[in-house]
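Q: My structure is below; once you've seen it, I'll send some questions.
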Number of protein chains: 2
Amino acid sequence: MSPSLDEVRAMDAADPLRACRERFFLPEGVIYLDGNSLGVLPMATMGRQREVVESEWGEELIRSWNSRGWIEAPQRVGAKIAPLIGAKANEVIVADSTSVNLFKLIVAAAALAPDRPVLLSEAGNFHTDLHIASGAAELARLRLDIAPRGEIEARLGADTNLLLLTHVHFKAGFRFDMAEMTARARAVGARVIWDLSHSAGAVPLDLNGSGAELAVGCGYKYLNGGPGAPSFLYVAESLQERLMSPLRGWMGHAAPFAFTDDYRPAPGIARFLAGTPPILGLAALECGVEAFAGAPVDRLWAKSIRLFDLFAALVEAHCPALTCISPREPERRGSHISFAHPHAFEICQALIADGVIGDFRAPDVIRFGLTPLYLGFEDIWEAVQRMRSILDSGRWREPRFAVRGKVT
Amino acid sequence: MSPSLDEVRAMDAADPLRACRERFFLPEGVIYLDGNSLGVLPMATMGRQREVVESEWGEELIRSWNSRGWIEAPQRVGAKIAPLIGAKANEVIVADSTSVNLFKLIVAAAALAPDRPVLLSEAGNFHTDLHIASGAAELARLRLDIAPRGEIEARLGADTNLLLLTHVHFKAGFRFDMAEMTARARAVGARVIWDLSHSAGAVPLDLNGSGAELAVGCGYKYLNGGPGAPSFLYVAESLQERLMSPLRGWMGHAAPFAFTDDYRPAPGIARFLAGTPPILGLAALECGVEAFAGAPVDRLWAKSIRLFDLFAALVEAHCPALTCISPREPERRGSHISFAHPHAFEICQALIADGVIGDFRAPDVIRFGLTPLYLGFEDIWEAVQRMRSILDSGRWREPRFAVRGKVT
């Protein structure tokens with residue numbers, strides 16, 4: 001028996017995170033189930049962006065590097081992300097894109113074990129991770145071994161230098177057990193690099209407690225940092241001084257303004273900075289992270305589980321043509337729910353036309369992000385009702401929904 | 001004889017670029033001579049940032065990747081930069097930081113000549129270039145040879161793979177003859193990578209006409225793109241298909257949304273993209289570049305020469321303690337003027353306290369950016385008068401001006 005609308009409304013009324021919704025700008029008429037692709041705009045970001053553009057840049061100009069804390073922004077925002085992922089404040093920094101940060105960590109960490117020739121990752125991992133890995137592997141003289149998920153453990157061995165895993169899979173949402181996989185890798189002497197893009201800000205993470213040493217993650221998904229927000233990078237304290245970034249920009253130098261020809265890495269996490277920090281993006285990301293105030297990840301995750309269960313139950317009851325491909329057990333998944341359908345593309349387009357924004361992932365998946373900070377249970381109810389109407393009426397067959405243009 | 005105030009005002013009255021000043025927000029009471037470090041805020045940027053944050057991100061959310069042209073922004077803004085540097089629209093793209101783009105080009109271009117082991121650059125080049133070069137050289141198995149300017153030509157030879165030069169030197173402003181140095185390098189079979197950070201938007205550039213094949217440049221200096229703006233990258237059309245970026249992110253893939261494990265570079269310049277484009281930064285940079293409308297580089301440069309000559313003449317007349325270290329001949333320099341003084345640091349601090357913003361460059365240089373789009377001749381007059389007062393009174397000796405904290 002799937003819940004009734006009254007029951008769903010009661011869930012919202014009892015939701016301890018309900019008030020957090022007010023922190024975000026949620027456009028009229030839209031049910032936004034794509035916060036795992038681009039998080040929504042925090043209300044505070046609007047004023048903060050005006051301040052950083054008009055006052056800090058416009059009025060203060062170059063002086064803001066010191067007087068408005070621009071120069072410390074990468075560390076400061078990193079330190080604010082740290083509690084969301086179970087890291088120490090000095091273990092996280094914000095810089096560049098996830099792709100670029102991944103490159104840094106692969107090349108830097110591979111150098112610690114020059115006798116181990118293999119970089120192991122998962123087939124079907126988010127493709128930018130595999131592409132970056134292929135480029136990094138060539139330069140670091142590693143062999144890239146891309147294995148199906150079920151074979152990864154068996155392939156770990158004495159030749160494994162690094163294991164590159166995405167914690168929560170972008171498509172169906174399968175989640176690795178971080179502590180277990182880290183331990184397995186360490187048992188054969190290999191290191192793991194975790195991509196937390198679909199985890200950070202949604203799924204409970206305890207990098208320190210899991211023995212994780214290296215990670216990157218995305219700023220524009222659950223962290224609500226805005227389109228193309230800079231990324232974060234984590235290196236366990238114990239490893240920081242042993243790594244050299246291959247991207248030795250001046251901001252990672254021990255004395256960026258000494259203007260010396262020789263490179264000397266900054267102590268600690270700062271050595272993973274490269275060029276000048278992107279201040280507009282950093283300011284927006286800082287607001288996104290601050291929007292988590294008073295909303296601990298455990299509470300977010302408890303709500304995510306209930307959003308997921310509600311979504312799954314309603315789809316099962318009302319949209320039987322869709323097959324849930326996400327794991328049902330909370331500990332085995334992330335904070336999105338995905339369904340397979342041979343016409344997933346058209347259904348997704350019809351949903352968007354009806355104001356329900358999820359996204360299509362080739363070849364046959366519709367994916368919905370469950371963002372407990374700002375989604376209500378009634379949003380899920382309404383989304384499924386609209387989907388039911390699209391499926392029952394066959395409206396998704398309208399030719400306009402089959403037009404494939406540029407997609408994201 | 002240095003000009004009088006009346007003569008200086010007449011220069012402003014006759015300045016064909018005078019109206020461009022209205023395009024920028026120039027704070028009251030400040031004479032900003034640091035636009036070569038951080039360009040000022042264009043008026044249009046304020047409204048555009050609000051639009052991109054509040055409407056495009058806030059209202060349209062993920063749909064803006066297509067509906068508001070986010071996905072094409074790197075190419076679109078690159079194409080707008082192209083005429084400022086003498087390149088074709090399809091030869092320039094905006095991505096990442098200058099440091100990261102430099103890394104891409106060094107590694108990609110070095111692979112074209114695997115039998116040539118040397119990466120040659122200049123001692124005292126902007127240090128991030130040398131640091132990035134050192135990291136890239138290690139990975140590309142190159143030997144980094146850092147030569148004094150006067151020895152560069154002699155060191156070019158059959159073993160030179162790449163010559164990395166900054167077109168206009170960040171400190172004194174010495175400028176290389178791009179066509180000549182490119183020809184010299186090509187004569188021995190080497191390629192040149194140009195860093196245009198202190199040239200683009202100020203100095204006449206004709207990359208195509210000079211035979212330049214590879215270049216990077218900064219978005220936040222003369223291009224007015226805002227703090228930490230993304231950088232641009234140029235690859236001559238003839239070379240694009242032969243280069244593989246070492247940073248193979250999904251946005252440089254031929255089909256970013258096909259989600260395939262294999263990497264296949266996009267055709268043309270797009271292959272130099274890595275991660276998701278930083279939309280807030282790109283939007284600001286686009287406004288900065290659009291502020292050049294109707295102000296051709298030749299006209300800007302003609303005004304820059306006059307600003308320089310006025311500055312030099314006034315300092316010579318009124319501040320004899322300062323030694324101009326920038327070349328006097330326009331064709332040998334960029335659009336800033338630098339002076340040496342044993343107490344450059346303190347004088348610079350005293351100037352800032354008096355509202356004249358230039359910057360100090362270790363160990364003994366004060367540098368002033370001459371940005372013809374928004375500086376007037378009377379600004380130069382007033383700046384030199386304030387400097388004269390600081391020097392004549394010895395006010396720079398006040399202990400507060402000797403405090404060395406964080407500097408940029």
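Ordered as shown in the structure tokens, chains take letters A, B, and onward, while each chain numbers its residues from 1 and ligands are numbered from 1 in the order shown.
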For range 172-174 of chain B, please output as a VMD selection string all residues within 8 Å (counting only C-alpha atoms; exclusion window: fewer than 4 positions along the same chain).
A: chain B and resid 168 325 to 327 332 to 339 367
Q: Kindly determine which residues of chain B lie within 7 Å of chain A, considering only C-alpha atoms, and give the answer as a ChimeraX atom specification.
A: /B:25,27,38,40-41,46,53-54,57-59,61-62,65-66,96-100,123-124,127-128,130-132,135-136,139-140,227-229,246-250,257-263,274-281,362,406-408
Q: Mind giving me the straight-line distance from CA of Glu237 in chain A to CA of Glu213 in chain A in Å, one decimal?
A: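 Between CA of Glu237 in chain A and CA of Glu213 in chain A the gap works out to 8.3 Å.
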Q: In terms of the shortest atom-to-atom distance over only C-alpha atoms, which of A:Ala215, A:Val403, A:Ala44, A:Leu162 is closest to Glu22 in chain A?
A: A:Ala44
Q: Could you find all residues in range 103-320 of chain B that DSSP calls strand (DSSP E) from the backbone, and write them as a compact mmCIF listing (two decimals) with C-alpha atoms, in the first residue's frame?
A:
```txt
# COMPACT_ATOMS: atom_id res chain seq x y z
CA VAL B 118 64.67 20.46 -23.43
CA LEU B 119 62.03 22.86 -22.19
CA LEU B 120 63.63 26.29 -22.28
CA SER B 121 62.38 29.31 -20.38
CA GLU B 122 63.57 32.56 -18.93
CA ARG B 143 64.89 18.90 -18.85
CA LEU B 144 63.92 22.39 -17.77
CA ASP B 145 66.56 24.88 -18.80
CA ILE B 146 66.09 28.32 -17.25
CA ALA B 147 68.25 30.88 -19.00
CA THR B 160 64.99 22.34 -27.71
CA ASN B 161 61.51 20.94 -27.64
CA LEU B 162 59.64 23.97 -26.33
CA LEU B 163 60.44 27.56 -25.55
CA LEU B 164 58.17 29.04 -22.88
CA LEU B 165 58.13 32.81 -22.89
CA THR B 166 56.03 35.47 -21.24
CA ARG B 191 57.91 25.45 -30.72
CA VAL B 192 57.07 28.46 -28.56
CA ILE B 193 54.36 28.72 -25.90
CA TRP B 194 53.48 32.34 -25.20
CA ASP B 195 52.08 33.57 -21.90
CA LEU B 214 50.44 28.08 -28.67
CA ALA B 215 49.49 30.61 -26.02
CA VAL B 216 47.72 31.10 -22.71
CA GLY B 217 46.59 34.26 -20.97
CA SER B 231 42.01 31.83 -18.35
CA PHE B 232 42.17 31.57 -22.11
CA LEU B 233 44.12 29.20 -24.24
CA TYR B 234 45.09 29.51 -27.89
CA VAL B 235 46.11 26.76 -30.27
```
Q: Excluding Glu316 in chain B and any residue of its chain fewer than 6 positions from it, enumerate the residues within 10 Å of it, using only C-alpha atoms, and give them as a list in words.
A: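 Final neighbour list, sorted by chain and number: Met1, Ser2, Leu310, Leu322, Thr323 and Cys324 of chain B.
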Q: Please save C-alpha atoms of the selected residues as a compact mmCIF listing (two decimals), in the first residue's frame.
A:
```
# COMPACT_ATOMS: atom_id res chain seq x y z
CA MET B 1 59.77 70.10 -19.39
CA SER B 2 56.97 68.05 -17.95
CA LEU B 310 53.35 61.25 -19.30
CA LEU B 322 62.56 56.79 -8.43
CA THR B 323 64.35 55.03 -11.26
CA CYS B 324 62.25 53.93 -14.18
```
Q: With a distance cut-off of 10 Å and only C-alpha atoms, select the neighbouring residues of Ala402 in chain A, excluding the residue or stretch itself and same-chain residues fewer than 4 positions from it, and output the selection as a PDB file with N, CA and C atoms, in the first residue's frame.
A:
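around23.pdb written:
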```
ATOM      1  N   HIS A 343      11.998   4.080 -23.033  1.00  0.00           N
ATOM      2  CA  HIS A 343      11.797   5.434 -23.541  1.00  0.00           C
ATOM      3  C   HIS A 343      12.101   6.476 -22.470  1.00  0.00           C
ATOM      4  N   PHE A 345      14.329   8.640 -22.292  1.00  0.00           N
ATOM      5  CA  PHE A 345      14.608   9.981 -22.816  1.00  0.00           C
ATOM      6  C   PHE A 345      13.328  10.784 -23.001  1.00  0.00           C
ATOM      7  N   GLU A 346      12.364  10.199 -23.699  1.00  0.00           N
ATOM      8  CA  GLU A 346      11.119  10.908 -23.990  1.00  0.00           C
ATOM      9  C   GLU A 346      10.336  11.193 -22.704  1.00  0.00           C
ATOM     10  N   ILE A 347      10.309  10.245 -21.819  1.00  0.00           N
ATOM     11  CA  ILE A 347       9.572  10.451 -20.562  1.00  0.00           C
ATOM     12  C   ILE A 347      10.213  11.594 -19.765  1.00  0.00           C
ATOM     13  N   CYS A 348      11.519  11.606 -19.753  1.00  0.00           N
ATOM     14  CA  CYS A 348      12.231  12.674 -19.037  1.00  0.00           C
ATOM     15  C   CYS A 348      11.902  14.035 -19.656  1.00  0.00           C
ATOM     16  N   GLN A 349      11.865  14.090 -20.985  1.00  0.00           N
ATOM     17  CA  GLN A 349      11.538  15.366 -21.648  1.00  0.00           C
ATOM     18  C   GLN A 349      10.104  15.794 -21.342  1.00  0.00           C
ATOM     19  N   ALA A 350       9.193  14.845 -21.344  1.00  0.00           N
ATOM     20  CA  ALA A 350       7.792  15.166 -21.051  1.00  0.00           C
ATOM     21  C   ALA A 350       7.650  15.640 -19.603  1.00  0.00           C
ATOM     22  N   TRP A 396       4.143  11.093 -23.555  1.00  0.00           N
ATOM     23  CA  TRP A 396       5.578  11.117 -23.874  1.00  0.00           C
ATOM     24  C   TRP A 396       5.845  10.747 -25.331  1.00  0.00           C
ATOM     25  N   ARG A 397       4.806  10.171 -26.015  1.00  0.00           N
ATOM     26  CA  ARG A 397       5.014   9.804 -27.429  1.00  0.00           C
ATOM     27  C   ARG A 397       4.939  10.999 -28.372  1.00  0.00           C
ATOM     28  N   GLU A 398       4.566  12.159 -27.862  1.00  0.00           N
ATOM     29  CA  GLU A 398       4.518  13.330 -28.748  1.00  0.00           C
ATOM     30  C   GLU A 398       5.900  13.555 -29.365  1.00  0.00           C
TER      31      GLU A 398
END
```
Q: Give me the residues within 9 Å of Pro204 in chain B as a ChimeraX atom specification, counting only C-alpha atoms and dropping any in the same chain fewer than 5 places off.
A: /B:84-86,199,297-298,300-301
Q: Would you mind exporting the chosen residues as a PDB file, in the first residue's frame, restricted to C-alpha atoms?
A:
```
ATOM      1  CA  LEU B  84      42.050  41.124 -29.220  1.00  0.00           C
ATOM      2  CA  ILE B  85      44.973  38.760 -29.781  1.00  0.00           C
ATOM      3  CA  GLY B  86      44.953  38.333 -33.551  1.00  0.00           C
ATOM      4  CA  SER B 199      49.680  41.583 -23.001  1.00  0.00           C
ATOM      5  CA  VAL B 297      43.696  47.465 -29.564  1.00  0.00           C
ATOM      6  CA  ASP B 298      45.682  49.823 -31.775  1.00  0.00           C
ATOM      7  CA  LEU B 300      44.269  51.474 -26.811  1.00  0.00           C
ATOM      8  CA  TRP B 301      47.940  51.006 -27.398  1.00  0.00           C
TER       9      TRP B 301
END
```
Q: Work out how far apart CA of Gln75 in chain A and CA of Ala270 in chain A are and give it in Å to one decimal.
A: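 Between these atoms lies a distance of 7.4 Å.
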Q: Work out how far apart CA of Val8 in chain B and CA of Glu378 in chain B are and give it in Å to one decimal.
A: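 We find that CA of Val8 in chain B and CA of Glu378 in chain B lie 5.9 Å from each other.
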Q: Which residues in range 320-397 of chain B does DSSP call alpha helix (DSSP H)? List them as a list of chain:residue names.
A: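 In range 320-397 of chain B, DSSP puts these residues in alpha helix (DSSP H): B:Ala344, B:Phe345, B:Glu346, B:Ile347, B:Cys348, B:Gln349, B:Ala350, B:Leu351, B:Ile352, B:Ala353, B:Phe377, B:Glu378, B:Asp379, B:Ile380, B:Trp381, B:Glu382, B:Ala383, B:Val384, B:Gln385, B:Arg386, B:Met387, B:Arg388, B:Ser389, B:Ile390, B:Leu391, B:Asp392, B:Ser393.
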Q: With N, CA and C atoms retained, write the just-selected residues as a PDB file, in the first residue's frame.
A:
```pdb
ATOM      1  N   ALA B 344      60.789  50.687  -1.959  1.00  0.00           N
ATOM      2  CA  ALA B 344      59.588  50.550  -2.804  1.00  0.00           C
ATOM      3  C   ALA B 344      58.402  50.038  -1.989  1.00  0.00           C
ATOM      4  N   PHE B 345      58.653  49.117  -1.084  1.00  0.00           N
ATOM      5  CA  PHE B 345      57.549  48.545  -0.311  1.00  0.00           C
ATOM      6  C   PHE B 345      56.818  49.615   0.482  1.00  0.00           C
ATOM      7  N   GLU B 346      57.565  50.382   1.232  1.00  0.00           N
ATOM      8  CA  GLU B 346      56.954  51.406   2.080  1.00  0.00           C
ATOM      9  C   GLU B 346      56.274  52.494   1.251  1.00  0.00           C
ATOM     10  N   ILE B 347      56.908  52.878   0.171  1.00  0.00           N
ATOM     11  CA  ILE B 347      56.307  53.918  -0.682  1.00  0.00           C
ATOM     12  C   ILE B 347      54.991  53.411  -1.274  1.00  0.00           C
ATOM     13  N   CYS B 348      55.001  52.159  -1.676  1.00  0.00           N
ATOM     14  CA  CYS B 348      53.782  51.574  -2.241  1.00  0.00           C
ATOM     15  C   CYS B 348      52.665  51.575  -1.191  1.00  0.00           C
ATOM     16  N   GLN B 349      53.012  51.219   0.047  1.00  0.00           N
ATOM     17  CA  GLN B 349      52.006  51.193   1.115  1.00  0.00           C
ATOM     18  C   GLN B 349      51.479  52.601   1.408  1.00  0.00           C
ATOM     19  N   ALA B 350      52.376  53.567   1.421  1.00  0.00           N
ATOM     20  CA  ALA B 350      51.957  54.949   1.670  1.00  0.00           C
ATOM     21  C   ALA B 350      51.057  55.452   0.546  1.00  0.00           C
ATOM     22  N   LEU B 351      51.375  55.059  -0.679  1.00  0.00           N
ATOM     23  CA  LEU B 351      50.535  55.440  -1.821  1.00  0.00           C
ATOM     24  C   LEU B 351      49.136  54.845  -1.683  1.00  0.00           C
ATOM     25  N   ILE B 352      49.081  53.576  -1.290  1.00  0.00           N
ATOM     26  CA  ILE B 352      47.775  52.925  -1.146  1.00  0.00           C
ATOM     27  C   ILE B 352      46.959  53.653  -0.082  1.00  0.00           C
ATOM     28  N   ALA B 353      47.625  54.024   1.007  1.00  0.00           N
ATOM     29  CA  ALA B 353      46.922  54.765   2.065  1.00  0.00           C
ATOM     30  C   ALA B 353      46.384  56.095   1.543  1.00  0.00           C
ATOM     31  N   PHE B 377      44.368  60.876 -18.306  1.00  0.00           N
ATOM     32  CA  PHE B 377      45.691  61.479 -18.138  1.00  0.00           C
ATOM     33  C   PHE B 377      45.789  62.234 -16.810  1.00  0.00           C
ATOM     34  N   GLU B 378      44.666  62.807 -16.394  1.00  0.00           N
ATOM     35  CA  GLU B 378      44.709  63.517 -15.115  1.00  0.00           C
ATOM     36  C   GLU B 378      44.903  62.547 -13.942  1.00  0.00           C
ATOM     37  N   ASP B 379      44.449  61.308 -14.098  1.00  0.00           N
ATOM     38  CA  ASP B 379      44.720  60.302 -13.060  1.00  0.00           C
ATOM     39  C   ASP B 379      46.227  60.156 -12.843  1.00  0.00           C
ATOM     40  N   ILE B 380      46.947  60.152 -13.947  1.00  0.00           N
ATOM     41  CA  ILE B 380      48.404  59.992 -13.874  1.00  0.00           C
ATOM     42  C   ILE B 380      49.008  61.217 -13.166  1.00  0.00           C
ATOM     43  N   TRP B 381      48.555  62.360 -13.573  1.00  0.00           N
ATOM     44  CA  TRP B 381      49.019  63.609 -12.944  1.00  0.00           C
ATOM     45  C   TRP B 381      48.815  63.542 -11.428  1.00  0.00           C
ATOM     46  N   GLU B 382      47.597  63.224 -11.032  1.00  0.00           N
ATOM     47  CA  GLU B 382      47.252  63.210  -9.620  1.00  0.00           C
ATOM     48  C   GLU B 382      48.053  62.142  -8.856  1.00  0.00           C
ATOM     49  N   ALA B 383      48.232  60.999  -9.467  1.00  0.00           N
ATOM     50  CA  ALA B 383      49.005  59.931  -8.809  1.00  0.00           C
ATOM     51  C   ALA B 383      50.437  60.393  -8.548  1.00  0.00           C
ATOM     52  N   VAL B 384      51.020  61.035  -9.544  1.00  0.00           N
ATOM     53  CA  VAL B 384      52.420  61.466  -9.371  1.00  0.00           C
ATOM     54  C   VAL B 384      52.497  62.593  -8.328  1.00  0.00           C
ATOM     55  N   GLN B 385      51.491  63.457  -8.290  1.00  0.00           N
ATOM     56  CA  GLN B 385      51.504  64.507  -7.259  1.00  0.00           C
ATOM     57  C   GLN B 385      51.462  63.897  -5.858  1.00  0.00           C
ATOM     58  N   ARG B 386      50.629  62.883  -5.689  1.00  0.00           N
ATOM     59  CA  ARG B 386      50.548  62.255  -4.365  1.00  0.00           C
ATOM     60  C   ARG B 386      51.857  61.528  -4.036  1.00  0.00           C
ATOM     61  N   MET B 387      52.451  60.940  -5.043  1.00  0.00           N
ATOM     62  CA  MET B 387      53.714  60.248  -4.815  1.00  0.00           C
ATOM     63  C   MET B 387      54.808  61.263  -4.460  1.00  0.00           C
ATOM     64  N   ARG B 388      54.782  62.362  -5.150  1.00  0.00           N
ATOM     65  CA  ARG B 388      55.762  63.423  -4.869  1.00  0.00           C
ATOM     66  C   ARG B 388      55.639  63.888  -3.422  1.00  0.00           C
ATOM     67  N   SER B 389      54.387  64.063  -2.990  1.00  0.00           N
ATOM     68  CA  SER B 389      54.168  64.523  -1.621  1.00  0.00           C
ATOM     69  C   SER B 389      54.687  63.501  -0.608  1.00  0.00           C
ATOM     70  N   ILE B 390      54.468  62.229  -0.883  1.00  0.00           N
ATOM     71  CA  ILE B 390      54.941  61.165   0.017  1.00  0.00           C
ATOM     72  C   ILE B 390      56.465  61.157   0.073  1.00  0.00           C
ATOM     73  N   LEU B 391      57.084  61.342  -1.082  1.00  0.00           N
ATOM     74  CA  LEU B 391      58.544  61.303  -1.127  1.00  0.00           C
ATOM     75  C   LEU B 391      59.149  62.560  -0.507  1.00  0.00           C
ATOM     76  N   ASP B 392      58.595  63.713  -0.875  1.00  0.00           N
ATOM     77  CA  ASP B 392      59.167  64.969  -0.378  1.00  0.00           C
ATOM     78  C   ASP B 392      59.016  65.086   1.142  1.00  0.00           C
ATOM     79  N   SER B 393      57.879  64.614   1.649  1.00  0.00           N
ATOM     80  CA  SER B 393      57.639  64.734   3.098  1.00  0.00           C
ATOM     81  C   SER B 393      58.311  63.611   3.879  1.00  0.00           C
TER      82      SER B 393
END
```
Q: Check the smallest atom-to-atom distance from each of A:Pro83, A:Ala321, A:Asp364, A:Lys221 to Pro342 in chain A using only C-alpha atoms, then report the winner.
A: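 Ranked by minimum distance to Pro342 in chain A, first place goes to A:Asp364.
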Q: Neighbours of Gly78 in chain A within 8 Å (only C-alpha atoms; same-chain residues fewer than 5 positions away dropped), as a ChimeraX atom specification?
A: /A:89-94,232
